Structure formats: C-alpha cells, structure tokens
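One structure is given below, encoded as structure tokens.
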There are 2 protein chains.
Amino acid sequence: MTELLIPDVNRVNCPSRVILEHVTSRWGVLVLAALLERSYRFSELRRHVGGVSEKMLAQTLQALERDGFVLRDAKPVIPPRVDYALTPLGEEAAGQVSSLARWVERRVPDVQAARAAYDEAKA
Amino acid sequence: MTELLIPDVNRVNCPSRVILEHVTSRWGVLVLAALLERSYRFSELRRHVGGVSEKMLAQTLQALERDGFVLRDAKPVIPPRVDYALTPLGEEAAGQVSSLARWVERRVPDVQAARAAYDEAKA
DNA sequence: CTGCATCCTAAATGATACTG
DNA sequence: CAGTATCATTTAGGATGCAG
C-alpha cells in the first residue's frame with residue numbers, strides 16, 4: 001500500500017523542496033519580506049537588504065520571478081529603471097516568511113537565554 | 001535620528017539572521033516539521049527526512065537544540081537510544097515552518113505553471 | 001542603473017571510517 | 001544505535017570588469 005501520510009517534501013528531488021529552498025533561502029526570505037511592504041527598485045532593494053551582493057540579489061530575484069512570486073517591471077528608460085513587486089502568489093509566501101522573521105525577532109532573547117544555558121551545561 | 005522602521009533582520013551580523021537561518025535551513029525546516037507530529041529517534045528521523053546525511057542531521061539537531069527549539073533525551077541504555085522532541089518554543093517555530101511547507105506543497109502546480117510561462121517567454 | 005560573465009574563495013554538504 | 005572525525009566534493013557567495 002502507498003504511504004499517503006509522508007509529505008512530498010520529505011522525498012528527495014521532489015519539486016516542493018526546490019521551491020521551499022528558494023523561499024527560505026538566505027536572501028529569498030529577506031527579499032520577500034521587503035517586497036511585502038512595497039515594491040523596490042534593484043539598487044534600492046540592495047541597500048535595504050544589508051550585506052547582499054549584486055550577484056546574489058539578481059540570482060535570488062530571478063529564481064523568485066521564475067517561480068511566479070515576483071514580478072519584474074523593466075521600464076524602457078535611460079538610465080534603466082527596474083521595479084520588483086510581489087505577485088498575489090508571492091504575497092502569500094511573503095506573508096508567511098515575514099511572519100516567521102518577525103516571530104524570530106521577538107524570540108531573540110529566549111534563544112540567547114537557551115544558548116547560554118546550553119553552553120554552560122557543556123562546561 | 002535612529003531608523004526604527006528597519007527590522008533587525010535586515011542588518012548584517014544581527015542575531016536574528018543567524019536564528020532564522022537555523023530555522024529555515026535546508027534540513028532545519030524538515031526536521032522541525034517532522035518533530036511537530038511526534039518525537040523521533042535519531043535514525044528514525046534520518047529515515048523520515050529523505051536524503052539527509054548522518055552528519056547534517058546531527059549538526060542540524062545540535063543547532064536547534066542549542067537555540068532552545070529541540071530537546072534531546074539520551075536514555076542510558078545499551079544500545080543507545082536518543083529521542084528528540086520540540087520544546088514549547090520549538091513548537092511555535094515548527095508550526096510556522098510546517099505551515100509554510102504545506103502551503104508550498106499545495107502551490108506546486110501554480111509554481112510549475114509560472115515556470116513554464118517564464119521559460120517560454122524567454123524562448 | 002541594471003544587470004551578465006568570469007574568476008576565485010569560503011562554506012555547506014556528502015562519503016567513509018571509526019568509537020563509546 | 002548514535003554519534004564523531006576526516007577527507008573530498010559541491011555549491012554558495014563575493015569581487016571585478018564590462019555591456020546595454
């Protein structure tokens with residue numbers, strides 16, 4: 001019989017894992033959370049998300065765009081102006097990762113306390 | 001004046017980013033989601049989460065334990081038996097990542113359609 | 001300004017062998 | 001069984017230069 005209870009995401013090489021990794025990637029999370037507030041231009045986003053390189057930002061945005069989470073709007077002007085915004089699908093994803101990010105920020109003290117206890121128990 | 005509107009997570013080397021990366025890491029997500037259902041033994045978890053190596057599972061569990069998300073219960077028997085379970089803090093985190101994972105699974109068809117459209121538009 | 005292409009380094013991950 | 005240690009490999013990431 002088939003094991004219907006095992007989620008797809010626990011299988012190797014399944015499509016959902018790849019998507020999940022785009023959404024939860026180091027820069028993917030931060031980009032989605034930023035775009036949830038408003039749309040951003042490329043270099044604006046680069047300044048907003050601290051520490052992201054040009055290369056990684058472009059790469060992250062392309063993956064999110066291809067997955068249908070982000071909409072790229074390149075205006076035919078000189079100098080180039082490209083705006084990035086969330087699609088409706090992207091808003092759903094961004095809502096969840098942003099909520100998670102905010103939860104983590106609230107729990108930083110708890111985690112730091114847990115680490116202190118863990119490290120002391122080791123010593 | 002200080003920019004109070006910029007979340008901590010957008011800053012480089014902030015504590016919340018590190019925590020977020022533990023929680024959203026490739027194996028962290030899957031381990032948390034698994035432990036949300038029930039507690040697991042080490043090798044049981046290894047079989048449940050497809051493709052995870054022994055080394056990465058141990059490393060992931062240690063990071064989650066140190067952060068206060070996972071409780072490790074090593075029973076003094078031979079052969080060794082170690083159970084892993086979520087702490088209350090871990091349950092909160094796991095609830096969110098698991099919800100995200102399930103959302104992604106439901107949206108796989110939408111993403112695949114978006115990719116097909118994207119790839120075709122390129123060609 | 002918004003990228004892409006290239007090269008290079010650092011970090012994550014995997015495979016294997018080994019220990020209590 | 002539940003890991004640790006080591007080595008090899010893969011991948012992520014950063015720096016730079018250049019084009020539209």
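Note on naming: chains are A, B, ... as they come in the structure tokens, residues start from 1 per chain, ligands start from 1 in the order shown.
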
Item to check | Within 10 Å of DA2 in chain D using only C-alpha atoms (C1' of nucleotides), minus same-chain residues under 5 positions, as a ChimeraX atom specification | outcome: /B:41-43,54,58,74,79-82 /C:20

Writer output for current selection, N, CA and C atoms (P, O5', C5', C4', C3', O3' and C1' of nucleotides), as a PDB file, in the first residue's frame:
```
ATOM      1  N   ARG B  41      13.409   9.179  17.169  1.00  0.00           N
ATOM      2  CA  ARG B  41      14.779   8.774  17.483  1.00  0.00           C
ATOM      3  C   ARG B  41      15.663   9.237  16.343  1.00  0.00           C
ATOM      4  N   PHE B  42      16.966   9.236  16.591  1.00  0.00           N
ATOM      5  CA  PHE B  42      17.897   9.765  15.595  1.00  0.00           C
ATOM      6  C   PHE B  42      17.764   9.078  14.236  1.00  0.00           C
ATOM      7  N   SER B  43      17.887   7.766  14.247  1.00  0.00           N
ATOM      8  CA  SER B  43      17.916   7.060  12.954  1.00  0.00           C
ATOM      9  C   SER B  43      16.523   6.992  12.319  1.00  0.00           C
ATOM     10  N   GLU B  54      23.930  11.537   7.918  1.00  0.00           N
ATOM     11  CA  GLU B  54      24.097  11.429   9.361  1.00  0.00           C
ATOM     12  C   GLU B  54      24.726  12.701   9.923  1.00  0.00           C
ATOM     13  N   ALA B  58      22.887  15.372  12.543  1.00  0.00           N
ATOM     14  CA  ALA B  58      23.452  15.650  13.870  1.00  0.00           C
ATOM     15  C   ALA B  58      23.723  17.141  14.028  1.00  0.00           C
ATOM     16  N   ALA B  74      18.663  11.555  25.915  1.00  0.00           N
ATOM     17  CA  ALA B  74      19.502  10.364  25.727  1.00  0.00           C
ATOM     18  C   ALA B  74      19.268   9.401  26.881  1.00  0.00           C
ATOM     19  N   PRO B  79      21.688  -0.968  23.436  1.00  0.00           N
ATOM     20  CA  PRO B  79      22.315   0.112  22.650  1.00  0.00           C
ATOM     21  C   PRO B  79      21.664   1.459  22.926  1.00  0.00           C
ATOM     22  N   PRO B  80      22.390   2.540  22.661  1.00  0.00           N
ATOM     23  CA  PRO B  80      21.916   3.889  22.955  1.00  0.00           C
ATOM     24  C   PRO B  80      20.571   4.183  22.321  1.00  0.00           C
ATOM     25  N   ARG B  81      19.775   4.962  23.017  1.00  0.00           N
ATOM     26  CA  ARG B  81      18.504   5.413  22.469  1.00  0.00           C
ATOM     27  C   ARG B  81      18.355   6.882  22.787  1.00  0.00           C
ATOM     28  N   VAL B  82      18.229   7.693  21.736  1.00  0.00           N
ATOM     29  CA  VAL B  82      18.121   9.138  21.923  1.00  0.00           C
ATOM     30  C   VAL B  82      16.865   9.645  21.240  1.00  0.00           C
TER      31      VAL B  82
ATOM     32  P    DG C  20      36.447   4.744  22.414  1.00  0.00           P
ATOM     33  O5'  DG C  20      35.009   4.926  23.069  1.00  0.00           O
ATOM     34  C5'  DG C  20      34.522   6.237  23.375  1.00  0.00           C
ATOM     35  C4'  DG C  20      33.076   6.145  23.846  1.00  0.00           C
ATOM     36  C3'  DG C  20      32.857   5.145  24.972  1.00  0.00           C
ATOM     37  O3'  DG C  20      31.872   5.650  25.851  1.00  0.00           O
ATOM     38  C1'  DG C  20      31.546   4.528  23.098  1.00  0.00           C
TER      39       DG C  20
END
```

Item to check | Residues of chain C within 12 Å of chain A, counting only C-alpha atoms (C1' of nucleotides), as a PyMOL selection string | outcome: chain C and resi 1-5

Please produce a file of the residues just selected, as a PDB file, in the first residue's frame, where the atoms kept are N, CA, C and O atoms (P, O5', C5', C4', C3', O3' and C1' of nucleotides).
```pdb
ATOM      1  P    DC C   1      23.240  54.272  -9.953  1.00  0.00           P
ATOM      2  O5'  DC C   1      22.447  54.454 -11.362  1.00  0.00           O
ATOM      3  C5'  DC C   1      21.062  54.664 -11.288  1.00  0.00           C
ATOM      4  C4'  DC C   1      20.322  53.574 -12.030  1.00  0.00           C
ATOM      5  C3'  DC C   1      20.293  52.237 -11.280  1.00  0.00           C
ATOM      6  O3'  DC C   1      18.994  51.660 -11.398  1.00  0.00           O
ATOM      7  C1'  DC C   1      21.345  51.960 -13.395  1.00  0.00           C
ATOM      8  P    DT C   2      18.518  50.320 -10.638  1.00  0.00           P
ATOM      9  O5'  DT C   2      18.870  49.190 -11.716  1.00  0.00           O
ATOM     10  C5'  DT C   2      18.159  49.171 -12.938  1.00  0.00           C
ATOM     11  C4'  DT C   2      18.648  48.033 -13.810  1.00  0.00           C
ATOM     12  C3'  DT C   2      18.740  46.679 -13.094  1.00  0.00           C
ATOM     13  O3'  DT C   2      18.220  45.673 -13.946  1.00  0.00           O
ATOM     14  C1'  DT C   2      20.771  47.169 -14.123  1.00  0.00           C
ATOM     15  P    DG C   3      17.786  44.239 -13.337  1.00  0.00           P
ATOM     16  O5'  DG C   3      19.132  43.692 -12.677  1.00  0.00           O
ATOM     17  C5'  DG C   3      19.642  42.483 -13.159  1.00  0.00           C
ATOM     18  C4'  DG C   3      20.489  42.750 -14.391  1.00  0.00           C
ATOM     19  C3'  DG C   3      21.407  41.598 -14.746  1.00  0.00           C
ATOM     20  O3'  DG C   3      20.741  40.788 -15.704  1.00  0.00           O
ATOM     21  C1'  DG C   3      22.466  43.738 -14.974  1.00  0.00           C
ATOM     22  P    DC C   4      20.873  39.249 -15.625  1.00  0.00           P
ATOM     23  O5'  DC C   4      22.169  38.867 -16.486  1.00  0.00           O
ATOM     24  C5'  DC C   4      22.257  39.297 -17.839  1.00  0.00           C
ATOM     25  C4'  DC C   4      23.695  39.147 -18.316  1.00  0.00           C
ATOM     26  C3'  DC C   4      24.286  37.769 -18.002  1.00  0.00           C
ATOM     27  O3'  DC C   4      24.941  37.300 -19.169  1.00  0.00           O
ATOM     28  C1'  DC C   4      25.671  39.467 -17.102  1.00  0.00           C
ATOM     29  P    DA C   5      25.494  35.800 -19.244  1.00  0.00           P
ATOM     30  O5'  DA C   5      27.058  36.014 -19.044  1.00  0.00           O
ATOM     31  C5'  DA C   5      27.756  36.982 -19.825  1.00  0.00           C
ATOM     32  C4'  DA C   5      29.254  36.881 -19.554  1.00  0.00           C
ATOM     33  C3'  DA C   5      29.738  35.465 -19.254  1.00  0.00           C
ATOM     34  O3'  DA C   5      31.015  35.280 -19.873  1.00  0.00           O
ATOM     35  C1'  DA C   5      30.186  36.859 -17.394  1.00  0.00           C
TER      36       DA C   5
END
```

Next on the checklist: Which residues are near Ser98 in chain A? Cut-off 10 Å, only C-alpha atoms (C1' of nucleotides), ignore same chain within fewer than 4 positions. Put them as a ChimeraX atom specification.
Outcome noted: /A:29-37,91,93-94,102-104

Checklist entry - Residues of chain A within 12 Å of chain D, using only C-alpha atoms (C1' of nucleotides), as JSON, numbers by chain? => result {"A": [25, 26, 27, 51, 52, 53, 54, 55, 56, 57, 59, 60, 76, 77, 78, 79, 80]}

With chain B as the partner and 7 Å as the cut-off, tabulate the residues of chain A that qualify, each row holding the nearest pair of atoms and their distance in Å to one decimal, using only C-alpha atoms, sorted by chain and rising number, as JSON lines.
```
{"residue": "A:Asn10", "atom": "CA", "partner": "B:Val49", "partner_atom": "CA", "distance": 5.1}
{"residue": "A:Arg11", "atom": "CA", "partner": "B:Gly50", "partner_atom": "CA", "distance": 5.1}
{"residue": "A:Val12", "atom": "CA", "partner": "B:Gly50", "partner_atom": "CA", "distance": 5.5}
{"residue": "A:Ser16", "atom": "CA", "partner": "B:Glu105", "partner_atom": "CA", "distance": 5.5}
{"residue": "A:Leu20", "atom": "CA", "partner": "B:Val104", "partner_atom": "CA", "distance": 6.5}
{"residue": "A:Glu21", "atom": "CA", "partner": "B:Arg26", "partner_atom": "CA", "distance": 6.7}
{"residue": "A:Thr24", "atom": "CA", "partner": "B:Thr24", "partner_atom": "CA", "distance": 5.5}
{"residue": "A:Arg26", "atom": "CA", "partner": "B:Glu21", "partner_atom": "CA", "distance": 6.7}
{"residue": "A:His48", "atom": "CA", "partner": "B:Asn10", "partner_atom": "CA", "distance": 6.9}
{"residue": "A:Val49", "atom": "CA", "partner": "B:Asn10", "partner_atom": "CA", "distance": 5.1}
{"residue": "A:Gly50", "atom": "CA", "partner": "B:Arg11", "partner_atom": "CA", "distance": 5.1}
{"residue": "A:Gly51", "atom": "CA", "partner": "B:Val12", "partner_atom": "CA", "distance": 5.8}
{"residue": "A:Arg66", "atom": "CA", "partner": "B:Arg115", "partner_atom": "CA", "distance": 5.2}
{"residue": "A:Asp67", "atom": "CA", "partner": "B:Val111", "partner_atom": "CA", "distance": 5.0}
{"residue": "A:Gly68", "atom": "CA", "partner": "B:Ala114", "partner_atom": "CA", "distance": 5.0}
{"residue": "A:Gln96", "atom": "CA", "partner": "B:Leu100", "partner_atom": "CA", "distance": 6.5}
{"residue": "A:Leu100", "atom": "CA", "partner": "B:Gln96", "partner_atom": "CA", "distance": 6.5}
{"residue": "A:Ala101", "atom": "CA", "partner": "B:Leu20", "partner_atom": "CA", "distance": 6.7}
{"residue": "A:Val104", "atom": "CA", "partner": "B:Ser16", "partner_atom": "CA", "distance": 6.2}
{"residue": "A:Glu105", "atom": "CA", "partner": "B:Ser16", "partner_atom": "CA", "distance": 5.5}
{"residue": "A:Val108", "atom": "CA", "partner": "B:Ser16", "partner_atom": "CA", "distance": 6.2}
{"residue": "A:Val111", "atom": "CA", "partner": "B:Asp67", "partner_atom": "CA", "distance": 5.1}
{"residue": "A:Ala114", "atom": "CA", "partner": "B:Gly68", "partner_atom": "CA", "distance": 5.0}
{"residue": "A:Arg115", "atom": "CA", "partner": "B:Arg66", "partner_atom": "CA", "distance": 5.2}
{"residue": "A:Tyr118", "atom": "CA", "partner": "B:Arg66", "partner_atom": "CA", "distance": 5.7}
```

Can I get the selection written as a PDB file, in the first residue's frame, with C-alpha atoms?
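Saved to selection.pdb:
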```pdb
ATOM      1  CA  ASN A  10      10.336  14.565   2.742  1.00  0.00           C
ATOM      2  CA  ARG A  11      11.230  12.912  -0.526  1.00  0.00           C
ATOM      3  CA  VAL A  12      14.496  13.512  -2.335  1.00  0.00           C
ATOM      4  CA  SER A  16       8.337  21.186  -3.364  1.00  0.00           C
ATOM      5  CA  LEU A  20      10.818  25.736  -0.421  1.00  0.00           C
ATOM      6  CA  GLU A  21      14.527  26.308  -0.709  1.00  0.00           C
ATOM      7  CA  THR A  24      13.546  30.023   2.636  1.00  0.00           C
ATOM      8  CA  ARG A  26      19.194  33.223   2.947  1.00  0.00           C
ATOM      9  CA  HIS A  48      17.597  47.709   2.103  1.00  0.00           C
ATOM     10  CA  VAL A  49      18.762  44.122   2.488  1.00  0.00           C
ATOM     11  CA  GLY A  50      22.054  44.512   4.285  1.00  0.00           C
ATOM     12  CA  GLY A  51      25.010  42.542   3.003  1.00  0.00           C
ATOM     13  CA  ARG A  66      10.581  32.310 -12.408  1.00  0.00           C
ATOM     14  CA  ASP A  67       8.646  30.628  -9.613  1.00  0.00           C
ATOM     15  CA  GLY A  68       5.914  33.223 -10.022  1.00  0.00           C
ATOM     16  CA  GLN A  96       4.355  33.584   5.894  1.00  0.00           C
ATOM     17  CA  LEU A 100       8.287  33.928  10.701  1.00  0.00           C
ATOM     18  CA  ALA A 101      11.009  36.574  10.555  1.00  0.00           C
ATOM     19  CA  VAL A 104      12.211  35.173  15.341  1.00  0.00           C
ATOM     20  CA  GLU A 105      12.992  38.792  16.116  1.00  0.00           C
ATOM     21  CA  VAL A 108      15.832  36.502  20.100  1.00  0.00           C
ATOM     22  CA  VAL A 111      17.095  31.891  22.087  1.00  0.00           C
ATOM     23  CA  ALA A 114      18.693  28.938  25.739  1.00  0.00           C
ATOM     24  CA  ARG A 115      22.157  29.150  24.229  1.00  0.00           C
ATOM     25  CA  TYR A 118      23.255  25.045  26.740  1.00  0.00           C
TER      26      TYR A 118
END
```
